[in-house]
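entry_20.pdb follows; it contains PDB, C-alpha atoms.
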ATOM      1  CA  MET A 284     -42.446  27.495 -44.057  1.00  0.00           C
ATOM      2  CA  ASN A 285     -38.946  28.137 -45.413  1.00  0.00           C
ATOM      3  CA  LEU A 286     -36.371  25.853 -43.807  1.00  0.00           C
ATOM      4  CA  SER A 287     -32.674  26.601 -43.804  1.00  0.00           C
ATOM      5  CA  PRO A 288     -30.422  24.055 -45.546  1.00  0.00           C
ATOM      6  CA  MET A 289     -28.924  21.147 -43.638  1.00  0.00           C
ATOM      7  CA  ARG A 290     -25.150  21.445 -43.043  1.00  0.00           C
ATOM      8  CA  TYR A 291     -22.399  19.207 -41.698  1.00  0.00           C
ATOM      9  CA  LYS A 292     -18.869  20.535 -41.321  1.00  0.00           C
ATOM     10  CA  SER A 293     -18.225  22.371 -44.629  1.00  0.00           C
ATOM     11  CA  TYR A 294     -20.927  20.537 -46.624  1.00  0.00           C
ATOM     12  CA  VAL A 295     -24.256  22.285 -47.316  1.00  0.00           C
ATOM     13  CA  TRP A 296     -27.132  20.311 -48.817  1.00  0.00           C
ATOM     14  CA  GLU A 297     -28.576  22.010 -51.912  1.00  0.00           C
ATOM     15  CA  PHE A 298     -31.962  20.460 -51.072  1.00  0.00           C
ATOM     16  CA  ASN A 299     -32.777  19.097 -47.643  1.00  0.00           C
ATOM     17  CA  PRO A 300     -33.150  15.314 -47.315  1.00  0.00           C
ATOM     18  CA  LYS A 301     -36.757  14.149 -47.720  1.00  0.00           C
ATOM     19  CA  VAL A 302     -36.918  11.882 -44.628  1.00  0.00           C
ATOM     20  CA  TYR A 303     -35.576  12.672 -41.155  1.00  0.00           C
ATOM     21  CA  GLU A 304     -35.542  10.612 -37.978  1.00  0.00           C
ATOM     22  CA  VAL A 305     -34.199  11.293 -34.498  1.00  0.00           C
ATOM     23  CA  THR A 306     -33.793   8.281 -32.223  1.00  0.00           C
ATOM     24  CA  TYR A 307     -33.333   8.918 -28.520  1.00  0.00           C
ATOM     25  CA  LYS A 308     -31.520   6.095 -26.725  1.00  0.00           C
ATOM     26  CA  ARG A 309     -31.328   5.046 -23.086  1.00  0.00           C
ATOM     27  CA  HIS A 310     -28.704   2.661 -21.704  1.00  0.00           C
ATOM     28  CA  ILE A 311     -30.207  -0.097 -19.543  1.00  0.00           C
ATOM     29  CA  VAL A 312     -28.030  -2.668 -17.777  1.00  0.00           C
ATOM     30  CA  SER A 313     -29.438  -6.065 -16.830  1.00  0.00           C
ATOM     31  CA  LEU A 314     -27.633  -8.059 -14.157  1.00  0.00           C
ATOM     32  CA  LYS A 315     -28.361 -11.614 -13.054  1.00  0.00           C
ATOM     33  CA  LEU A 316     -28.246 -12.221  -9.318  1.00  0.00           C
ATOM     34  CA  PRO A 317     -26.312 -15.247  -7.997  1.00  0.00           C
ATOM     35  CA  ARG A 318     -29.355 -16.970  -6.432  1.00  0.00           C
ATOM     36  CA  GLY A 319     -31.683 -16.358  -9.339  1.00  0.00           C
ATOM     37  CA  GLY A 320     -33.660 -13.432 -10.591  1.00  0.00           C
ATOM     38  CA  GLY A 321     -32.087 -10.234 -11.731  1.00  0.00           C
ATOM     39  CA  VAL A 322     -32.173  -6.490 -11.647  1.00  0.00           C
ATOM     40  CA  MET A 323     -32.198  -3.798 -14.291  1.00  0.00           C
ATOM     41  CA  GLN A 324     -30.652  -0.377 -13.839  1.00  0.00           C
ATOM     42  CA  ASP A 325     -31.185   2.724 -15.929  1.00  0.00           C
ATOM     43  CA  MET A 326     -27.726   4.131 -16.635  1.00  0.00           C
ATOM     44  CA  GLY A 327     -29.143   7.267 -18.223  1.00  0.00           C
ATOM     45  CA  LYS A 328     -29.496   8.711 -21.661  1.00  0.00           C
ATOM     46  CA  SER A 329     -27.152   7.712 -24.418  1.00  0.00           C
ATOM     47  CA  PHE A 330     -26.403   9.473 -27.693  1.00  0.00           C
ATOM     48  CA  LYS A 331     -29.109  10.513 -30.165  1.00  0.00           C
ATOM     49  CA  VAL A 332     -29.092   9.006 -33.663  1.00  0.00           C
ATOM     50  CA  PHE A 333     -29.941  11.388 -36.521  1.00  0.00           C
ATOM     51  CA  SER A 334     -30.816   9.543 -39.717  1.00  0.00           C
ATOM     52  CA  GLY A 335     -32.681  10.063 -42.948  1.00  0.00           C
ATOM     53  CA  GLU A 336     -32.921   9.645 -46.692  1.00  0.00           C
ATOM     54  CA  GLY A 337     -32.406  12.016 -49.545  1.00  0.00           C
ATOM     55  CA  GLU A 338     -31.794  12.210 -53.264  1.00  0.00           C
ATOM     56  CA  PHE A 339     -29.743  14.148 -55.764  1.00  0.00           C
ATOM     57  CA  THR A 340     -31.354  14.708 -59.152  1.00  0.00           C
ATOM     58  CA  GLY A 341     -30.410  16.265 -62.446  1.00  0.00           C
ATOM     59  CA  GLU A 342     -27.090  16.804 -64.121  1.00  0.00           C
ATOM     60  CA  GLY A 343     -24.186  16.201 -61.746  1.00  0.00           C
ATOM     61  CA  ALA A 344     -26.182  14.051 -59.295  1.00  0.00           C
ATOM     62  CA  TYR A 345     -23.248  11.655 -58.818  1.00  0.00           C
ATOM     63  CA  ASP A 346     -20.816  14.546 -58.359  1.00  0.00           C
ATOM     64  CA  LYS A 347     -22.990  15.858 -55.510  1.00  0.00           C
ATOM     65  CA  PHE A 348     -23.008  12.404 -53.916  1.00  0.00           C
ATOM     66  CA  ARG A 349     -19.204  12.184 -54.256  1.00  0.00           C
ATOM     67  CA  GLU A 350     -18.856  15.556 -52.483  1.00  0.00           C
ATOM     68  CA  LEU A 351     -20.979  14.242 -49.614  1.00  0.00           C
ATOM     69  CA  SER A 352     -18.942  11.017 -49.476  1.00  0.00           C
ATOM     70  CA  LYS A 353     -15.706  13.060 -49.189  1.00  0.00           C
ATOM     71  CA  VAL A 354     -17.105  14.707 -46.051  1.00  0.00           C
ATOM     72  CA  PHE A 355     -17.953  11.228 -44.729  1.00  0.00           C
ATOM     73  CA  GLU A 356     -14.368  10.075 -45.417  1.00  0.00           C
ATOM     74  CA  GLU A 357     -12.904  12.947 -43.344  1.00  0.00           C
ATOM     75  CA  GLY A 358     -13.848  11.216 -40.079  1.00  0.00           C
ATOM     76  CA  GLY A 359     -13.999  12.872 -36.671  1.00  0.00           C
ATOM     77  CA  SER A 360     -16.948  14.775 -35.285  1.00  0.00           C
ATOM     78  CA  GLY A 361     -18.320  18.006 -36.663  1.00  0.00           C
ATOM     79  CA  THR A 362     -21.190  20.400 -36.238  1.00  0.00           C
ATOM     80  CA  LEU A 363     -24.505  19.185 -37.640  1.00  0.00           C
ATOM     81  CA  VAL A 364     -26.977  21.961 -38.437  1.00  0.00           C
ATOM     82  CA  HIS A 365     -30.403  20.719 -39.339  1.00  0.00           C
ATOM     83  CA  PRO A 366     -33.418  22.827 -40.310  1.00  0.00           C
ATOM     84  CA  VAL A 367     -35.569  21.161 -37.617  1.00  0.00           C
ATOM     85  CA  TRP A 368     -33.217  19.423 -35.146  1.00  0.00           C
ATOM     86  CA  GLN A 369     -31.076  21.274 -32.667  1.00  0.00           C
ATOM     87  CA  LEU A 370     -27.499  22.225 -33.479  1.00  0.00           C
ATOM     88  CA  THR A 371     -25.234  19.424 -32.238  1.00  0.00           C
ATOM     89  CA  LYS A 372     -21.776  17.913 -32.531  1.00  0.00           C
ATOM     90  CA  ALA A 373     -22.010  14.566 -34.302  1.00  0.00           C
ATOM     91  CA  TYR A 374     -20.126  11.791 -36.050  1.00  0.00           C
ATOM     92  CA  PHE A 375     -21.079  10.926 -39.647  1.00  0.00           C
ATOM     93  CA  VAL A 376     -21.258   7.134 -39.200  1.00  0.00           C
ATOM     94  CA  SER A 377     -23.105   5.879 -42.273  1.00  0.00           C
ATOM     95  CA  LEU A 378     -23.707   6.903 -45.895  1.00  0.00           C
ATOM     96  CA  THR A 379     -25.499   4.414 -48.145  1.00  0.00           C
ATOM     97  CA  LEU A 380     -26.175   4.531 -51.894  1.00  0.00           C
ATOM     98  CA  ARG A 381     -29.727   3.167 -52.106  1.00  0.00           C
ATOM     99  CA  GLN A 382     -30.459   2.324 -55.752  1.00  0.00           C
ATOM    100  CA  GLU A 383     -29.129   0.886 -58.943  1.00  0.00           C
ATOM    101  CA  PRO A 384     -27.167   3.431 -60.983  1.00  0.00           C
ATOM    102  CA  ARG A 385     -29.229   5.840 -63.066  1.00  0.00           C
ATOM    103  CA  GLU A 386     -27.827   8.675 -65.116  1.00  0.00           C
ATOM    104  CA  ASN A 387     -29.136  11.731 -63.223  1.00  0.00           C
ATOM    105  CA  TYR A 388     -30.495  10.331 -59.975  1.00  0.00           C
ATOM    106  CA  VAL A 389     -28.907   9.214 -56.682  1.00  0.00           C
ATOM    107  CA  ALA A 390     -30.926   8.009 -53.687  1.00  0.00           C
ATOM    108  CA  TYR A 391     -29.018   7.775 -50.414  1.00  0.00           C
ATOM    109  CA  SER A 392     -29.455   7.367 -46.683  1.00  0.00           C
ATOM    110  CA  PHE A 393     -27.313   8.681 -43.844  1.00  0.00           C
ATOM    111  CA  GLU A 394     -26.803   8.363 -40.114  1.00  0.00           C
ATOM    112  CA  PHE A 395     -25.159  10.681 -37.585  1.00  0.00           C
ATOM    113  CA  TRP A 396     -24.464   9.838 -33.942  1.00  0.00           C
ATOM    114  CA  GLU A 397     -24.473  12.645 -31.420  1.00  0.00           C
ATOM    115  CA  ASP A 398     -21.042  13.336 -29.923  1.00  0.00           C
ATOM    116  CA  PHE A 399     -22.274  13.510 -26.347  1.00  0.00           C
ATOM    117  CA  SER A 400     -18.791  14.239 -25.028  1.00  0.00           C
ATOM    118  CA  GLU A 401     -19.414  17.730 -26.466  1.00  0.00           C
ATOM    119  CA  SER A 402     -23.186  17.904 -25.999  1.00  0.00           C
ATOM    120  CA  THR A 403     -24.940  20.176 -23.548  1.00  0.00           C
ATOM    121  CA  ALA A 404     -27.950  17.852 -23.742  1.00  0.00           C
ATOM    122  CA  PHE A 405     -26.284  15.387 -21.357  1.00  0.00           C
ATOM    123  CA  GLU A 406     -25.586  16.013 -17.706  1.00  0.00           C
ATOM    124  CA  LYS A 407     -21.880  16.339 -17.142  1.00  0.00           C
ATOM    125  CA  VAL A 408     -20.637  15.151 -13.774  1.00  0.00           C
ATOM    126  CA  SER A 409     -17.218  16.376 -12.755  1.00  0.00           C
ATOM    127  CA  ALA A 410     -14.995  13.671 -11.339  1.00  0.00           C
ATOM    128  CA  ASN A 411     -12.641  14.116  -8.435  1.00  0.00           C
ATOM    129  CA  ILE A 412      -9.513  12.074  -7.857  1.00  0.00           C
ATOM    130  CA  VAL A 413      -9.401  10.233  -4.533  1.00  0.00           C
ATOM    131  CA  PRO A 414      -6.483   8.423  -2.890  1.00  0.00           C
ATOM    132  CA  GLY A 415      -5.348   5.601  -5.129  1.00  0.00           C
ATOM    133  CA  GLY A 416      -5.996   7.664  -8.285  1.00  0.00           C
ATOM    134  CA  VAL A 417      -9.511   6.318  -8.881  1.00  0.00           C
ATOM    135  CA  ALA A 418     -11.974   8.672 -10.566  1.00  0.00           C
ATOM    136  CA  SER A 419     -15.128   8.956  -8.502  1.00  0.00           C
ATOM    137  CA  GLY A 420     -17.975  11.160  -7.459  1.00  0.00           C
ATOM    138  CA  SER A 421     -17.364  13.987  -5.034  1.00  0.00           C
ATOM    139  CA  ILE A 422     -16.748  13.469  -1.331  1.00  0.00           C
ATOM    140  CA  ILE A 423     -17.955  16.142   1.057  1.00  0.00           C
ATOM    141  CA  GLY A 424     -17.043  16.463   4.725  1.00  0.00           C
ATOM    142  CA  GLY A 425     -14.838  14.306   6.858  1.00  0.00           C
ATOM    143  CA  GLY A 426     -14.966  11.967   9.828  1.00  0.00           C
ATOM    144  CA  ASP A 427     -18.405  10.522  10.612  1.00  0.00           C
ATOM    145  CA  SER A 428     -20.291  13.079   8.506  1.00  0.00           C
ATOM    146  CA  SER A 429     -18.651  12.324   5.111  1.00  0.00           C
ATOM    147  CA  THR A 430     -20.933  11.914   2.131  1.00  0.00           C
ATOM    148  CA  TYR A 431     -20.350  10.674  -1.383  1.00  0.00           C
ATOM    149  CA  THR A 432     -22.217  11.808  -4.507  1.00  0.00           C
ATOM    150  CA  VAL A 433     -22.888   8.925  -6.894  1.00  0.00           C
ATOM    151  CA  VAL A 434     -21.677   9.218 -10.495  1.00  0.00           C
ATOM    152  CA  LYS A 435     -22.637   7.186 -13.540  1.00  0.00           C
ATOM    153  CA  GLY A 436     -21.275   3.642 -13.324  1.00  0.00           C
ATOM    154  CA  ASP A 437     -21.067   3.485  -9.513  1.00  0.00           C
ATOM    155  CA  THR A 438     -22.434   0.525  -7.545  1.00  0.00           C
ATOM    156  CA  LEU A 439     -23.058   0.434  -3.814  1.00  0.00           C
ATOM    157  CA  TRP A 440     -20.613  -2.480  -3.517  1.00  0.00           C
ATOM    158  CA  GLY A 441     -17.928  -0.576  -5.401  1.00  0.00           C
ATOM    159  CA  ILE A 442     -18.362   2.512  -3.213  1.00  0.00           C
ATOM    160  CA  ALA A 443     -18.226   0.376  -0.057  1.00  0.00           C
ATOM    161  CA  SER A 444     -15.053  -1.354  -1.230  1.00  0.00           C
ATOM    162  CA  LYS A 445     -13.410   1.948  -2.173  1.00  0.00           C
ATOM    163  CA  TYR A 446     -14.034   3.409   1.316  1.00  0.00           C
ATOM    164  CA  GLY A 447     -13.272   0.324   3.401  1.00  0.00           C
ATOM    165  CA  THR A 448     -16.804  -0.579   4.484  1.00  0.00           C
ATOM    166  CA  THR A 449     -19.559  -2.961   3.413  1.00  0.00           C
ATOM    167  CA  ALA A 450     -22.675  -2.444   1.326  1.00  0.00           C
ATOM    168  CA  ALA A 451     -24.755  -3.557   4.340  1.00  0.00           C
ATOM    169  CA  GLU A 452     -23.166  -0.819   6.472  1.00  0.00           C
ATOM    170  CA  LEU A 453     -23.919   1.805   3.808  1.00  0.00           C
ATOM    171  CA  VAL A 454     -27.541   0.624   3.602  1.00  0.00           C
ATOM    172  CA  SER A 455     -27.885   0.910   7.409  1.00  0.00           C
ATOM    173  CA  LYS A 456     -26.504   4.495   7.318  1.00  0.00           C
ATOM    174  CA  ASN A 457     -28.716   5.456   4.353  1.00  0.00           C
ATOM    175  CA  PRO A 458     -32.401   4.620   4.980  1.00  0.00           C
ATOM    176  CA  GLN A 459     -33.292   6.346   1.690  1.00  0.00           C
ATOM    177  CA  ILE A 460     -31.747   3.369  -0.175  1.00  0.00           C
ATOM    178  CA  LYS A 461     -34.684   1.009  -0.661  1.00  0.00           C
ATOM    179  CA  ASN A 462     -32.903  -1.333  -3.084  1.00  0.00           C
ATOM    180  CA  PRO A 463     -29.091  -1.607  -2.831  1.00  0.00           C
ATOM    181  CA  ASN A 464     -28.966  -2.609  -6.509  1.00  0.00           C
ATOM    182  CA  LEU A 465     -30.488   0.716  -7.596  1.00  0.00           C
ATOM    183  CA  ILE A 466     -28.501   3.882  -6.991  1.00  0.00           C
ATOM    184  CA  TYR A 467     -28.500   6.803  -9.393  1.00  0.00           C
ATOM    185  CA  PRO A 468     -26.070   9.539 -10.401  1.00  0.00           C
ATOM    186  CA  GLY A 469     -26.597  12.486  -8.084  1.00  0.00           C
ATOM    187  CA  ASP A 470     -27.665  10.354  -5.067  1.00  0.00           C
ATOM    188  CA  VAL A 471     -25.871  11.421  -1.872  1.00  0.00           C
ATOM    189  CA  ILE A 472     -24.669   8.557   0.356  1.00  0.00           C
ATOM    190  CA  ARG A 473     -23.454   8.885   3.933  1.00  0.00           C
ATOM    191  CA  LEU A 474     -20.159   6.999   4.373  1.00  0.00           C
TER     192      LEU A 474
END
Take the structure from the file and write it as structure tokens.
Amino acid sequence: MNLSPMRYKSYVWEFNPKVYEVTYKRHIVSLKLPRGGGVMQDMGKSFKVFSGEGEFTGEGAYDKFRELSKVFEEGGSGTLVHPVWQLTKAYFVSLTLRQEPRENYVAYSFEFWEDFSESTAFEKVSANIVPGGVASGSIIGGGDSSTYTVVKGDTLWGIASKYGTTAAELVSKNPQIKNPNLIYPGDVIRL
């Protein structure tokens, strides 16, 4: 199988790195409750980490490493094209020289973090501005039939406070809420 060369911004690897890893992350929040115990909430997927190891060999090995390090020094995110992974925007966060100096050999490792602000792999929730200038989920309807769509980072207590009610009142209006400590982005709550 012929694989295309790995690329990041303007840099193209002459030979693909020999080791590749993709780490998928999930953000979990753990909260202690005032009277003991605790609760954990899944806040959703986080960025992917793309890492690996490679080597430059032969005449000019250190020059090739210096070219790669210049791309690292540029900063900012760029497009990462990998022969196996999907095309993604990423930050070049780590470049490590992994051996004692030898004349025509450089071993290195690298790490990229997915720029999920640009990624289509993550669900994007559009925020609306409500009175008071607070970013929130969307509100639909009015009067007694208003609903609120939960966005990442919301808590039932925060929503209740924002709309002048109590968490207990929201729970009574929303029988689908089995645990007031666990609400998820996309949940629709009657206000």
Which residues come within 9 Å of Asp437 in chain A, counting all atoms listed in the file, excluding same-chain residues fewer than 2 positions away, as a list in words?
->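 The residues that qualify are Ser419, Gly420, Val433, Val434, Lys435, Leu439, Trp440, Gly441, Ile442, Ile466, Tyr467 and Pro468 of chain A.
Take the candidates A:Glu357, A:Glu304, A:Glu397, A:Asp470 and check each one against Gly335 in chain A using all atoms listed in the file; the shortest distance goes to A:Glu304.
Applied to the file shown here, the PyMOL selection byres ((chain A and resi 379) around 7) selects Ser377, Leu378, Leu380, Arg381, Tyr391, Ser392 and Phe393 of chain A.
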Reference answer for the PyMOL selection byres ((chain A and resi 384-386) around 12), as a ChimeraX atom specification = /A:338-346,380-383,387-391
Mind listing as a PyMOL selection string all residues within 6 Å of (-21.9, 8.8, 1.0), counting all atoms listed in the file?
-> chain A and resi 430-431+471-474
Atomic distance CA of Tyr294 in chain A - CA of Lys353 in chain A, expressed in Å with one decimal =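 The value is 9.5 Å.
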With only C-alpha atoms as the atoms that count, which of A:Asp398, A:Ser313, A:Gly327, A:Glu452 lies nearest to Asn464 in chain A?
-> A:Ser313
Which is closer to Val295 in chain A than all the others in A:His365, A:Lys456, A:Lys372, A:Lys461, using all atoms listed in the file?
->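 Closest to Val295 in chain A of all the choices is A:His365.
Between Lys331 in chain A and the candidates A:Lys301, A:Ile311, A:Tyr374, A:Thr362, the tightest atom-to-atom separation, counting all atoms listed in the file, involves A:Tyr374.
Comparing A:Val354, A:Phe330, A:Pro366, A:Gly359 by their smallest distance to Pro300 in chain A, the closest is A:Pro366 (using only C-alpha atoms).
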Here CA of Met289 in chain A and CA of Leu363 in chain A stand apart by 7.7 Å
Point-to-point distance from CA of Phe395 in chain A to CA of Phe355 in chain A, Å rounded to tenths | 10.2 Å
Do a neighbour search on Val322 in chain A at 9 Å with all atoms listed in the file, toss out local chain neighbours closer than 6 positions, and write the hits as a PDB file with C-alpha atoms, in the coordinates of the input.
ATOM      1  CA  VAL A 312     -28.030  -2.668 -17.777  1.00  0.00           C
ATOM      2  CA  SER A 313     -29.438  -6.065 -16.830  1.00  0.00           C
ATOM      3  CA  LEU A 314     -27.633  -8.059 -14.157  1.00  0.00           C
ATOM      4  CA  LYS A 315     -28.361 -11.614 -13.054  1.00  0.00           C
ATOM      5  CA  LEU A 316     -28.246 -12.221  -9.318  1.00  0.00           C
ATOM      6  CA  ASN A 464     -28.966  -2.609  -6.509  1.00  0.00           C
ATOM      7  CA  LEU A 465     -30.488   0.716  -7.596  1.00  0.00           C
TER       8      LEU A 465
END
To test the calculation: enclose all listed atoms of range 360-363 of chain A in a box whose edges run along x, y and z, add 6 Å on each side, then state centre and edge lengths in Å to one decimal, as AutoDock Vina command-line options.
--center_x -20.7 --center_y 17.6 --center_z -36.5 --size_x 19.6 --size_y 17.6 --size_z 14.4
When distances are computed from all atoms listed in the file, which of A:Trp396, A:Gly337, A:Leu351, A:Gly320 shows the smallest separation from Phe298 in chain A?
->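 Closest candidate: A:Gly337.
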